[in-house]
Structure formats: structure tokens, C-alpha cells
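Asks: The following file, coords-v9.cif, comprises mmCIF, C-alpha atoms:
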```
data_data
loop_
_atom_site.label_atom_id
_atom_site.label_comp_id
_atom_site.auth_asym_id
_atom_site.auth_seq_id
_atom_site.Cartn_x
_atom_site.Cartn_y
_atom_site.Cartn_z
CA MET S 13 7.69 21.09 -7.32
CA GLU S 14 5.10 18.32 -7.28
CA ILE S 15 5.90 15.03 -5.53
CA LYS S 16 3.86 11.87 -6.09
CA ILE S 17 3.88 9.13 -3.46
CA VAL S 18 2.52 5.60 -3.78
CA THR S 19 1.90 3.39 -0.75
CA LEU S 20 0.89 -0.23 -1.23
CA ASN S 21 0.70 -3.49 0.67
CA CYS S 22 1.67 -5.82 -2.17
CA PHE S 23 0.86 -9.21 -0.51
CA ASP S 24 4.05 -11.13 -1.23
CA SER S 25 2.60 -14.06 0.70
CA PRO S 26 2.74 -17.84 0.19
CA MET S 27 -1.06 -17.69 0.48
CA SER S 28 -1.21 -15.58 -2.68
CA LYS S 29 -1.50 -17.71 -5.80
CA ASN S 30 0.76 -16.58 -8.65
CA ARG S 31 2.32 -14.07 -6.25
CA LYS S 32 5.44 -13.51 -8.39
CA LEU S 33 3.32 -12.54 -11.39
CA LYS S 34 1.08 -10.35 -9.26
CA VAL S 35 3.91 -8.54 -7.49
CA ASP S 36 5.86 -7.96 -10.71
CA ASN S 37 2.74 -6.60 -12.41
CA LEU S 38 2.10 -4.32 -9.45
CA ILE S 39 5.64 -2.96 -9.66
CA LEU S 40 5.35 -2.29 -13.39
CA GLU S 41 1.96 -0.62 -12.96
CA THR S 42 3.35 1.44 -10.09
CA ILE S 43 6.27 2.65 -12.20
CA ASN S 44 3.84 3.56 -14.99
CA LEU S 45 2.26 6.07 -12.59
CA LYS S 46 5.66 7.84 -12.46
CA PRO S 47 5.75 8.32 -8.69
CA ASP S 48 8.67 10.06 -7.04
CA VAL S 49 8.45 7.88 -3.94
CA VAL S 50 7.12 4.34 -3.48
CA CYS S 51 6.44 2.82 -0.04
CA LEU S 52 5.78 -0.91 -0.15
CA GLN S 53 4.71 -3.27 2.63
CA GLU S 54 4.61 -7.07 2.62
CA VAL S 55 7.62 -7.49 0.39
CA ILE S 56 8.11 -10.49 2.61
CA PHE S 57 10.88 -12.46 0.97
CA SER S 58 14.44 -11.33 0.34
CA LYS S 59 14.25 -12.95 -3.08
CA THR S 60 11.29 -10.71 -3.98
CA ALA S 61 12.97 -7.56 -2.63
CA ASN S 62 16.14 -8.25 -4.63
CA ARG S 63 14.16 -8.99 -7.78
CA ILE S 64 11.99 -5.87 -7.72
CA SER S 65 14.93 -3.67 -6.71
CA LYS S 66 16.48 -4.44 -10.10
CA ILE S 67 13.28 -3.31 -11.84
CA PHE S 68 13.22 -0.04 -9.90
CA ARG S 69 16.95 0.64 -10.33
CA GLU S 70 16.64 0.23 -14.10
CA LYS S 71 14.14 3.12 -13.98
CA GLY S 72 16.48 5.35 -11.97
CA TYR S 73 15.11 4.77 -8.47
CA ASN S 74 17.19 4.75 -5.29
CA ILE S 75 16.34 1.79 -3.07
CA PHE S 76 16.21 0.99 0.65
CA PHE S 77 15.38 -2.41 2.17
CA ASN S 78 17.00 -4.85 4.60
CA THR S 79 17.25 -8.51 3.66
CA SER S 80 18.26 -11.55 5.68
CA LEU S 81 18.77 -15.07 4.41
CA ILE S 82 15.05 -15.59 3.80
CA PHE S 83 13.03 -12.56 4.89
CA ASN S 84 13.11 -8.86 4.05
CA LYS S 85 13.03 -7.11 7.43
CA GLY S 86 9.57 -5.84 8.27
CA GLY S 87 8.51 -6.60 4.69
CA LEU S 88 9.30 -2.92 3.99
CA PHE S 89 10.73 -1.46 0.79
CA VAL S 90 11.24 2.15 -0.34
CA ALA S 91 12.04 3.31 -3.87
CA SER S 92 12.72 7.00 -4.56
CA LEU S 93 13.65 9.11 -7.55
CA LEU S 94 14.70 11.72 -4.99
CA PRO S 95 18.18 11.36 -3.45
CA ILE S 96 18.24 9.34 -0.21
CA THR S 97 20.63 10.80 2.38
CA ALA S 98 19.92 8.61 5.44
CA THR S 99 18.12 5.34 6.20
CA LYS S 100 17.24 3.22 9.21
CA PHE S 101 14.98 0.25 9.95
CA ASN S 102 13.39 0.23 13.41
CA HIS S 103 11.97 -2.96 14.89
CA PHE S 104 8.86 -2.68 17.07
CA ASP S 105 9.50 -3.82 20.64
CA SER S 106 6.09 -5.52 20.81
CA GLN S 107 5.66 -8.21 18.14
CA GLY S 108 2.26 -9.82 18.65
CA THR S 109 1.05 -12.99 20.32
CA PHE S 110 2.29 -16.54 19.81
CA ASP S 111 -1.15 -18.15 20.08
CA SER S 112 -2.84 -16.55 17.06
CA LEU S 113 -2.21 -15.61 13.43
CA GLN S 114 -0.20 -12.71 14.86
CA VAL S 115 2.65 -15.20 15.08
CA THR S 116 3.12 -14.68 11.32
CA ASP S 117 3.64 -10.96 11.96
CA ARG S 118 6.08 -11.88 14.72
CA ILE S 119 8.12 -14.14 12.43
CA LEU S 120 8.48 -11.36 9.86
CA GLY S 121 9.23 -8.77 12.54
CA LYS S 122 7.08 -5.67 12.13
CA GLY S 123 8.61 -2.20 12.22
CA TYR S 124 9.11 1.02 10.30
CA GLN S 125 11.69 2.58 8.01
CA ARG S 126 12.92 6.14 8.45
CA VAL S 127 14.28 7.57 5.20
CA VAL S 128 15.61 11.09 4.68
CA LEU S 129 15.04 12.48 1.19
CA SER S 130 16.72 15.49 -0.40
CA VAL S 131 14.31 17.89 -2.14
CA LYS S 132 15.50 21.17 -3.66
CA GLY S 133 18.27 21.55 -1.11
CA SER S 134 16.08 20.76 1.89
CA ARG S 135 15.03 17.45 3.43
CA ILE S 136 11.85 15.46 3.84
CA VAL S 137 11.64 12.69 6.43
CA LEU S 138 9.69 9.65 5.25
CA PHE S 139 8.37 6.86 7.46
CA ASN S 140 7.26 3.59 5.84
CA VAL S 141 5.21 1.59 8.34
CA HIS S 142 3.58 -1.81 8.72
CA MET S 143 1.91 -2.56 12.03
CA VAL S 144 0.66 -5.86 13.42
CA GLY S 145 -2.67 -7.24 12.21
CA ILE S 146 -5.70 -7.91 14.41
CA TYR S 147 -7.19 -11.35 13.71
CA ASN S 148 -9.61 -11.36 16.64
CA VAL S 149 -11.11 -7.93 17.35
CA ASP S 150 -12.09 -9.05 20.86
CA SER S 151 -8.57 -10.11 21.84
CA GLU S 152 -7.07 -7.65 24.32
CA ARG S 153 -3.61 -9.15 23.80
CA GLN S 154 -3.74 -8.69 20.04
CA ASN S 155 -5.08 -5.16 20.36
CA GLY S 156 -2.48 -4.47 23.03
CA SER S 157 0.31 -5.36 20.59
CA LEU S 158 -1.06 -2.91 18.03
CA ARG S 159 -1.45 -0.21 20.68
CA LYS S 160 2.15 -0.62 21.87
CA GLN S 161 3.46 -0.43 18.32
CA LEU S 162 1.54 2.78 17.69
CA LEU S 163 2.88 4.36 20.89
CA GLN S 164 6.44 3.50 19.86
CA LEU S 165 5.85 4.98 16.41
CA VAL S 166 4.29 8.13 17.88
CA GLU S 167 7.33 8.70 20.09
CA ALA S 168 9.54 8.56 17.00
CA LEU S 169 7.25 10.89 15.02
CA LYS S 170 7.22 13.45 17.83
CA MET S 171 10.94 13.99 17.16
CA GLU S 172 10.12 15.23 13.66
CA GLU S 173 8.58 18.68 13.32
CA ILE S 174 8.26 19.65 9.65
CA LYS S 175 8.31 18.13 6.16
CA LEU S 176 7.21 14.71 7.36
CA ILE S 177 5.46 11.98 5.36
CA VAL S 178 4.16 8.80 7.02
CA SER S 179 2.90 6.00 4.76
CA GLY S 180 1.93 2.40 5.22
CA ASP S 181 -0.44 -0.24 6.52
CA PHE S 182 -1.55 0.67 10.04
CA ASN S 183 -4.15 -2.07 10.46
CA PHE S 184 -6.70 0.23 12.10
CA LYS S 185 -9.66 2.13 10.66
CA PRO S 186 -10.36 5.88 10.94
CA SER S 187 -13.10 5.01 13.45
CA ASN S 188 -10.52 3.42 15.77
CA TYR S 189 -9.36 5.54 18.71
CA LEU S 190 -5.75 4.80 17.69
CA TYR S 191 -6.30 6.79 14.49
CA THR S 192 -7.52 9.77 16.51
CA LYS S 193 -4.64 9.42 18.95
CA LEU S 194 -2.09 9.32 16.13
CA LEU S 195 -3.39 12.52 14.49
CA ASP S 196 -3.99 14.37 17.76
CA ILE S 197 -0.51 13.77 19.15
CA THR S 198 1.53 14.15 15.97
CA HIS S 199 -0.68 16.80 14.26
CA LEU S 200 -0.35 14.90 11.00
CA VAL S 201 -2.94 15.47 8.29
CA ASP S 202 -4.87 12.71 6.50
CA PRO S 203 -5.71 13.97 2.97
CA SER S 204 -8.60 11.47 2.79
CA PHE S 205 -10.10 12.46 6.14
CA GLY S 206 -13.89 12.27 6.06
CA THR S 207 -14.09 10.40 2.76
CA ASP S 208 -15.51 6.93 2.16
CA SER S 209 -12.36 5.57 0.49
CA ILE S 210 -11.41 1.97 1.24
CA THR S 211 -8.17 0.04 0.81
CA VAL S 212 -9.47 -3.39 1.88
CA PHE S 213 -12.40 -4.74 -0.10
CA ALA S 214 -14.70 -7.52 1.12
CA ASN S 215 -14.82 -9.24 -2.28
CA ASN S 216 -11.16 -8.89 -3.17
CA THR S 217 -10.24 -11.90 -5.33
CA THR S 218 -6.72 -12.07 -3.89
CA SER S 219 -7.54 -11.91 -0.18
CA TRP S 220 -5.83 -14.59 1.92
CA LYS S 221 -9.18 -15.10 3.67
CA PHE S 222 -10.60 -16.46 0.42
CA ASN S 223 -7.67 -18.85 0.20
CA LEU S 224 -8.54 -20.12 3.67
CA GLY S 225 -12.20 -20.47 2.76
CA LEU S 226 -13.20 -17.54 5.00
CA LYS S 227 -15.34 -14.59 4.02
CA PHE S 228 -15.85 -11.43 6.06
CA ASN S 229 -17.31 -8.00 5.49
CA LEU S 230 -13.98 -6.19 5.32
CA ASN S 231 -14.71 -2.96 3.47
CA LYS S 232 -12.43 -0.55 5.32
CA LYS S 233 -9.50 1.79 5.09
CA ILE S 234 -6.38 0.77 7.02
CA ASP S 235 -3.67 2.16 4.71
CA TYR S 236 -2.64 5.80 4.90
CA THR S 237 -0.29 8.47 3.66
CA LEU S 238 -0.22 11.22 6.27
CA VAL S 239 1.75 14.48 6.09
CA SER S 240 2.83 17.27 8.41
CA LYS S 241 0.74 20.44 8.23
CA ASP S 242 3.36 22.36 6.25
CA LEU S 243 3.00 19.82 3.40
CA ALA S 244 -0.82 19.70 3.45
CA LYS S 245 -1.63 23.01 1.78
CA ASP S 246 -1.96 21.69 -1.77
CA ILE S 247 -2.48 17.93 -1.67
CA THR S 248 -4.64 15.31 -3.33
CA GLN S 249 -5.05 11.59 -2.72
CA LYS S 250 -6.83 8.75 -4.47
CA VAL S 251 -7.21 4.97 -4.28
CA ILE S 252 -5.32 2.98 -6.95
CA PHE S 253 -5.13 -0.66 -8.07
CA ASP S 254 -8.77 -1.21 -7.17
CA GLU S 255 -9.58 -2.53 -10.64
CA LEU S 256 -9.24 -6.10 -11.86
CA SER S 257 -6.23 -7.19 -13.93
CA LYS S 258 -5.83 -10.21 -16.15
CA ILE S 259 -3.39 -12.87 -14.92
CA LYS S 260 -3.32 -16.24 -16.67
CA ASN S 261 -6.62 -15.41 -18.40
CA LYS S 262 -8.35 -14.62 -15.10
CA GLU S 263 -9.63 -11.25 -13.97
CA ILE S 264 -8.22 -10.72 -10.47
CA HIS S 265 -7.01 -8.09 -8.04
CA LEU S 266 -3.22 -7.90 -7.84
CA SER S 267 -3.09 -7.55 -4.06
CA ASP S 268 -5.36 -8.01 -1.06
CA HIS S 269 -5.07 -4.24 -0.51
CA PHE S 270 -5.65 -1.31 -2.80
CA GLY S 271 -2.97 1.37 -2.94
CA LEU S 272 -2.94 5.12 -2.43
CA LEU S 273 -1.51 7.78 -4.74
CA THR S 274 -0.79 11.10 -3.02
CA SER S 275 0.31 14.27 -4.83
CA LEU S 276 1.67 17.27 -2.95
CA LYS S 277 3.64 20.40 -3.76
CA ILE S 278 6.89 21.44 -2.11
#
```
Can you present the structure in this file as C-alpha cells?
Replies:
Amino acid sequence: MEIKIVTLNCFDSPMSKNRKLKVDNLILETINLKPDVVCLQEVIFSKTANRISKIFREKGYNIFFNTSLIFNKGGLFVASLLPITATKFNHFDSQGTFDSLQVTDRILGKGYQRVVLSVKGSRIVLFNVHMVGIYNVDSERQNGSLRKQLLQLVEALKMEEIKLIVSGDFNFKPSNYLYTKLLDITHLVDPSFGTDSITVFANNTTSWKFNLGLKFNLNKKIDYTLVSKDLAKDITQKVIFDELSKIKNKEIHLSDHFGLLTSLKI
């Protein structure tokens, strides 16, 4: 049985112009790929989560997210054609600094979802993750928040032994020691290991940095779908949503991140 997984940071941010149109188009394009599992990050607002859940449910997907009055907890959202047998949202203990843009991550409340899926009579454990962003690479406090979140996640992953999928926005590159630590301790496999794939593009038309008048060389990969070794025998992965789309007669990217499509056999 082949399972297709999409992970995507969909940038449901007030800094994203025409964000409703962009997010809705992303959801429709995602469904057109016919994935079995969809892991979304930055579905920030409860209103957005409720709206897109209707779109997914109409196509037969089971849904997991946690809304409050305004915000969707962690900005996390899972849709699955596979039966969901258990769900939990886990809040990171460390939530970033107050004196930087990390305060926006703190307001949303970063964390991870643990979702148990039923596949052919057995189970797969899925983690959907979004970790704190680093807005000043030289800030020890900001990097410390990211490091603490990773350590908390690793402790949770160590409890899972087989049939494990971990997707999301980790906010660190493969060259970062945190990436090496994550794979070394958990023994997870990155299907794109050693490739030059990127999920954040310096000239992305939708980047919030453009909206603030900032411009950085940001070509990097910080989004991943990782799997336990028993699921890595026959697996492929590619970058998606890296092409321009037309919104209101303008050619733009639909999110400030590209997505990943992973196919594996169970």
C-alpha cells in the first residue's frame, strides 16, 4: 500500500496579503495531489482552521486541530484519509523570548501534534511539528529556545520505536547540529538527505520579509518529513508548490515556504 504525505507551512499570517485566497488555493491544490495525509503548519487562526476543515471533510478527510477563541493551537492541522484512532496536542515548555520577533511564536504557542493512524490493521504514529523561529542567528536566547524545544520533541520521539512519521517546520537547516542530533538520537531517516532541495526561497514573492521591506539570502531547507527506518525502504520525496500561481492577475507564490510530498510503501 502506498501512502502519500504532504507537509506545508501555509503562512496564514496577517502579513500575507490576500491570505484567504492563498490558503484556500493551497488547500485545493493539495487535495488535487490526492495525499493520504496532510500536515499543515501556520494555520494560525481558528477561523481559517474551521474553514479549511470543511473543504477537507467534503473530500472524505478526517481532521485534527485545536481551536481557541482566536487562535488554532500551535497553528497545526492534520487531515487524513486514513482512520485516526488517537490525537493529542503537546505544548512546548520553552516558548521563545519576549524581546524579539519570537514573541509572535510565543503568542501562538508552538508545539506538536501526535496522531495515531490506522493502516491495514496496524498503526502509524504521526508527529506534526512547528518549532520556534530564529530571527537573530547570533542570539543565544533565541537559539536556546529552539534547542529546548528540540530536546522536548526528541524525548517524545524516543518513546516511539517503529512506523513513525515526523513532519513539519523545524526552523533549522541540515547543516545545523540540531539536525544531526535529531537523526542520531531518534534514528529517523530523511529521504532528502544529501540533496540540494530547498523549502525557503530568497526571492519568494509571499515572504513576510518582503512585506517588511527586508531582503535576505534565505535559500535553505527547514521543512522535513522524516520516517523510522522500517518505513524508509521504498520512499521518495520532492518539493511542491515552488511554482508561481496567479492570484488577482498577479503571478505569486502561495506561501512563504514550499511544501514536501513524500511517498512510501507500507
Asks: Might you pull out every residue within 9 Å of stretch 100-110 of chain S, with all atoms listed in the file counted and same-chain residues fewer than 2 positions away left off, and present them as a count of residues only?
Replies: 35
Asks: Just how far from atom CA of S:Leu276 is atom CA of S:Phe182, in Å to one decimal?
Replies: 21.3 Å
Asks: For a test of reading the model, state the distance in Å between atom CA of S:Leu52 and atom CA of S:Gln249, rounded to one decimal.
Replies: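 Separation between atom CA of S:Leu52 and atom CA of S:Gln249: 16.7 Å.
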Asks: How far is it from atom CA of S:Val239 to atom CA of S:Lys175, in Å with one decimal?
Replies: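 Between atom CA of S:Val239 and atom CA of S:Lys175 the gap works out to 7.5 Å.
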Asks: Which residue is closest to S:Ala168? Choose from S:Ile197, S:Leu190, S:Ala61, S:Ile259 and count all atoms listed in the file.
Replies: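 Closest to S:Ala168, using all atoms listed in the file: S:Ile197.
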Asks: Could you pull out every residue with an atom within 10 Å of (4.0, -2.9, 2.2), file coordinates, counting only C-alpha atoms, and send them as a list in words?
Replies: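 Counting only C-alpha atoms, I find these residues within 10 Å of (4.0, -2.9, 2.2): Thr19, Leu20, Asn21, Cys22, Phe23, Asp24, Val50, Cys51, Leu52, Gln53, Glu54, Val55, Ile56, Gly86, Gly87, Leu88, Phe89, Val90, Asn140, Val141, His142, Ser179, Gly180, Asp181, Asp235, His269 and Gly271 of chain S.
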Asks: Pull out every residue that the PyMOL selection byres ((chain S and resi 252-257) around 8) matches in the shown coordinates and put them as a VMD selection string.
Replies: chain S and resid 250 to 251 258 to 259 262 to 266 270 to 273
Asks: Could stretch 102-116 of chain S be completed with N, CA and C atoms and returned as a compact mmCIF listing (two decimals), in the coordinates of the input?
Replies:
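Writing the result to selection17.txt gives the following:
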```
# COMPACT_ATOMS: atom_id res chain seq x y z
N ASN S 102 13.65 0.31 11.98
CA ASN S 102 13.39 0.23 13.41
C ASN S 102 12.39 -0.89 13.68
N HIS S 103 12.78 -1.80 14.53
CA HIS S 103 11.97 -2.96 14.89
C HIS S 103 11.06 -2.59 16.05
N PHE S 104 9.76 -2.92 15.95
CA PHE S 104 8.86 -2.68 17.07
C PHE S 104 9.23 -3.59 18.24
N ASP S 105 9.18 -3.03 19.45
CA ASP S 105 9.50 -3.82 20.64
C ASP S 105 8.45 -4.89 20.89
N SER S 106 7.18 -4.56 20.64
CA SER S 106 6.09 -5.52 20.81
C SER S 106 5.80 -6.17 19.46
N GLN S 107 5.75 -7.51 19.42
CA GLN S 107 5.66 -8.21 18.14
C GLN S 107 4.48 -9.18 18.06
N GLY S 108 3.44 -8.97 18.81
CA GLY S 108 2.26 -9.82 18.65
C GLY S 108 2.32 -11.09 19.46
N THR S 109 1.20 -11.81 19.49
CA THR S 109 1.05 -12.99 20.32
C THR S 109 1.52 -14.25 19.60
N PHE S 110 1.87 -15.25 20.38
CA PHE S 110 2.29 -16.54 19.81
C PHE S 110 1.11 -17.45 19.50
N ASP S 111 -0.04 -17.20 20.13
CA ASP S 111 -1.15 -18.15 20.08
C ASP S 111 -2.24 -17.71 19.11
N SER S 112 -1.87 -16.99 18.05
CA SER S 112 -2.84 -16.55 17.06
C SER S 112 -2.11 -16.35 15.74
N LEU S 113 -2.84 -15.90 14.72
CA LEU S 113 -2.21 -15.61 13.43
C LEU S 113 -1.21 -14.46 13.54
N GLN S 114 -1.22 -13.74 14.67
CA GLN S 114 -0.20 -12.71 14.86
C GLN S 114 1.21 -13.28 14.89
N VAL S 115 1.32 -14.58 15.08
CA VAL S 115 2.65 -15.20 15.08
C VAL S 115 3.33 -15.02 13.72
N THR S 116 2.53 -14.92 12.64
CA THR S 116 3.12 -14.68 11.32
C THR S 116 3.73 -13.29 11.25
```
